[in-house]
Amino acid sequence: MDAILKNNIMNLSKHFTLEEMTRSMVAARRGIDNTPGAGDIKNLENLCYEVLEPIRAKFDKPISISSGYRSEALCEAIGSKKTSQHAQGCAVDFELNGVANIKVAYWLVNNVDFDQCILEYYKPDDGQAGWIHVSYNEKGDNRKQILTFDGKKYTNGFPDMKWKNGKVVE
């Protein structure tokens, strides 16, 4: 198991690996150990099965992970808090190439269990701007908190999607 964790070649679910959920350029450049513990790995598995796999199945596109697990040292190095859900393997930042983030976020909050979903750095005129942050607590204590962050402030909920002829305008 140590060799598997050292190389991060472990499959967390059908489409997601430990390597992609722990990859960090900042950690690599600064020599920060970003190896999760057993509990963190279990949380990452739950996140993949309960949140990411249903999204992958719905949109039939690979999910691009920009940030998954972050060690406490990595959280501090990037200006985040040691208490971040990323440091417990309960959160992930991602996007789907070619699908507006708001469309994915709306589907996510209406179809899967989640703790927090944030449409990060959202720009109404650029569907590909920013990313989606989502967290999941397998104990069932999910708050269903929905936020939008425009780079300056958080607001509750998501902006309205634009529709034309019964379809979302992307």
# chains A, B, ... in the order shown; residues from 1 in each chain; ligands from 1
>>> residues_around(residues="A:Asn11", least_positions_apart="4", cutoff="12 Å", atoms="only C-alpha atoms", output="ChimeraX atom specification")
/A:4-5,7,15-21,41-42,44-45,48-49
>>> write_last_selection(atoms="N, CA and C atoms", output="mmCIF file, in the first residue's frame")
data_model
loop_
_atom_site.group_PDB
_atom_site.id
_atom_site.type_symbol
_atom_site.label_atom_id
_atom_site.label_comp_id
_atom_site.auth_asym_id
_atom_site.auth_seq_id
_atom_site.Cartn_x
_atom_site.Cartn_y
_atom_site.Cartn_z
ATOM 1 N N ILE A 4 1.866 2.181 -3.435
ATOM 2 C CA ILE A 4 0.737 2.732 -4.179
ATOM 3 C C ILE A 4 0.525 4.191 -3.790
ATOM 4 N N LEU A 5 0.535 4.481 -2.488
ATOM 5 C CA LEU A 5 0.328 5.850 -2.039
ATOM 6 C C LEU A 5 1.474 6.751 -2.455
ATOM 7 N N ASN A 7 3.272 6.639 -5.115
ATOM 8 C CA ASN A 7 3.148 6.972 -6.537
ATOM 9 C C ASN A 7 1.755 7.469 -6.903
ATOM 10 N N HIS A 15 -13.512 6.565 -12.850
ATOM 11 C CA HIS A 15 -12.878 7.580 -13.685
ATOM 12 C C HIS A 15 -11.878 8.483 -12.965
ATOM 13 N N PHE A 16 -11.639 8.267 -11.684
ATOM 14 C CA PHE A 16 -10.781 9.188 -10.929
ATOM 15 C C PHE A 16 -9.710 8.448 -10.150
ATOM 16 N N THR A 17 -8.498 9.021 -10.163
ATOM 17 C CA THR A 17 -7.369 8.423 -9.471
ATOM 18 C C THR A 17 -6.906 9.311 -8.318
ATOM 19 N N LEU A 18 -6.196 8.707 -7.398
ATOM 20 C CA LEU A 18 -5.616 9.463 -6.286
ATOM 21 C C LEU A 18 -4.636 10.496 -6.825
ATOM 22 N N GLU A 19 -3.908 10.156 -7.867
ATOM 23 C CA GLU A 19 -2.916 11.081 -8.431
ATOM 24 C C GLU A 19 -3.571 12.388 -8.882
ATOM 25 N N GLU A 20 -4.676 12.304 -9.605
ATOM 26 C CA GLU A 20 -5.300 13.541 -10.090
ATOM 27 C C GLU A 20 -5.972 14.320 -8.968
ATOM 28 N N MET A 21 -6.366 13.638 -7.896
ATOM 29 C CA MET A 21 -7.016 14.315 -6.774
ATOM 30 C C MET A 21 -6.010 14.891 -5.774
ATOM 31 N N ILE A 41 -8.339 9.586 2.144
ATOM 32 C CA ILE A 41 -8.554 8.799 0.922
ATOM 33 C C ILE A 41 -9.985 8.265 0.872
ATOM 34 N N LYS A 42 -10.499 7.806 2.005
ATOM 35 C CA LYS A 42 -11.892 7.337 2.065
ATOM 36 C C LYS A 42 -12.845 8.481 1.701
ATOM 37 N N LEU A 44 -12.123 11.058 -0.202
ATOM 38 C CA LEU A 44 -11.973 11.297 -1.642
ATOM 39 C C LEU A 44 -12.765 10.274 -2.450
ATOM 40 N N GLU A 45 -12.728 9.013 -2.019
ATOM 41 C CA GLU A 45 -13.516 7.980 -2.696
ATOM 42 C C GLU A 45 -14.997 8.323 -2.649
ATOM 43 N N CYS A 48 -15.768 11.138 -5.017
ATOM 44 C CA CYS A 48 -15.763 10.676 -6.414
ATOM 45 C C CYS A 48 -17.032 9.895 -6.751
ATOM 46 N N TYR A 49 -17.393 8.921 -5.898
ATOM 47 C CA TYR A 49 -18.565 8.085 -6.173
ATOM 48 C C TYR A 49 -19.880 8.853 -6.087
#
>>> closest_atom_pairs(of="stretch 8-65 of chain A", to="stretch 121-138 of chain A", cutoff="9 Å", atoms="only C-alpha atoms", output="Markdown table")
| residue | atom | partner | partner_atom | distance |
| --- | --- | --- | --- | --- |
| A:Asn43 | CA | A:Glu138 | CA | 7.4 |
| A:Asn46 | CA | A:Glu138 | CA | 6.5 |
| A:Leu47 | CA | A:Tyr136 | CA | 5.9 |
| A:Glu50 | CA | A:Tyr136 | CA | 8.0 |
| A:Val51 | CA | A:Tyr136 | CA | 7.6 |
>>> closest_residue(among="A:Val104, A:Ile9, A:Leu96, A:Ala77", to="A:Ser64", atoms="only C-alpha atoms")
A:Leu96
>>> select_by_dssp(residues="stretch 21-169 of chain A", states="helix (DSSP H, G or I)", output="short mmCIF file (atom, residue, chain, number, x, y, z; two decimals) with C-alpha atoms, in the first residue's frame")
data_model
loop_
_atom_site.label_atom_id
_atom_site.label_comp_id
_atom_site.auth_asym_id
_atom_site.auth_seq_id
_atom_site.Cartn_x
_atom_site.Cartn_y
_atom_site.Cartn_z
CA MET A 21 -7.02 14.32 -6.77
CA THR A 22 -3.69 15.14 -5.06
CA MET A 25 2.14 22.31 -8.88
CA VAL A 26 2.66 24.44 -5.77
CA ALA A 27 3.39 21.36 -3.65
CA ALA A 28 5.79 20.02 -6.29
CA ARG A 29 7.65 23.34 -6.64
CA ARG A 30 7.91 23.94 -2.90
CA ALA A 38 -6.36 6.73 5.03
CA GLY A 39 -9.37 8.75 6.25
CA ASP A 40 -8.71 11.45 3.65
CA ILE A 41 -8.55 8.80 0.92
CA LYS A 42 -11.89 7.34 2.07
CA ASN A 43 -13.39 10.84 1.87
CA LEU A 44 -11.97 11.30 -1.64
CA GLU A 45 -13.52 7.98 -2.70
CA ASN A 46 -16.90 9.08 -1.34
CA LEU A 47 -16.59 12.43 -3.13
CA CYS A 48 -15.76 10.68 -6.41
CA TYR A 49 -18.57 8.08 -6.17
CA GLU A 50 -21.30 10.33 -4.81
CA VAL A 51 -20.60 13.59 -6.69
CA LEU A 52 -18.10 13.36 -9.53
CA GLU A 53 -19.15 10.05 -11.10
CA PRO A 54 -22.82 11.13 -11.49
CA ILE A 55 -21.66 14.38 -13.14
CA ARG A 56 -19.37 12.42 -15.48
CA ALA A 57 -22.22 10.09 -16.38
CA LYS A 58 -24.72 12.90 -17.01
CA PHE A 59 -22.49 15.04 -19.25
CA GLU A 72 -2.63 21.46 5.77
CA ALA A 73 0.84 22.68 4.75
CA LEU A 74 -0.31 23.12 1.14
CA CYS A 75 -3.46 24.95 2.27
CA GLU A 76 -1.32 27.43 4.20
CA ALA A 77 1.13 27.80 1.30
CA GLN A 85 -12.60 20.78 3.44
CA HIS A 86 -9.87 20.14 0.85
CA ALA A 87 -7.55 19.22 3.77
CA GLN A 88 -9.94 16.40 4.71
CA ASN A 101 -20.02 25.92 -15.31
CA ILE A 102 -23.42 27.30 -14.35
CA LYS A 103 -25.15 24.49 -16.25
CA VAL A 104 -23.08 21.84 -14.45
CA ALA A 105 -23.59 23.55 -11.09
CA TYR A 106 -27.37 23.71 -11.50
CA TRP A 107 -27.51 20.04 -12.47
CA LEU A 108 -25.26 19.10 -9.54
CA VAL A 109 -27.32 20.83 -6.83
CA ASN A 110 -30.55 19.33 -8.18
CA ASN A 111 -29.31 15.75 -8.63
#
>>> closest_residue(among="A:Met10, A:Ile32, A:Val112, A:Ile65", to="A:Asp93", atoms="only C-alpha atoms")
A:Ile65
>>> atom_distance(atom1="atom CA of A:Gly89", atom2="atom CA of A:Pro36")
7.7 Å
>>> select_by_dssp(residues="chain A", states="strand (DSSP E)", output="ChimeraX atom specification")
/A:64-67,91-95,116-120,131-135,145-149,154-156,163-164,167-168
>>> residues_around(residues="stretch 140-155 of chain A", least_positions_apart="6", cutoff="7 Å", atoms="only C-alpha atoms", output="list in words")
Phe114, Asp115, Gln116, Cys117, Ile118, Leu119, Glu120, Tyr121, Tyr122 and Lys123 of chain A
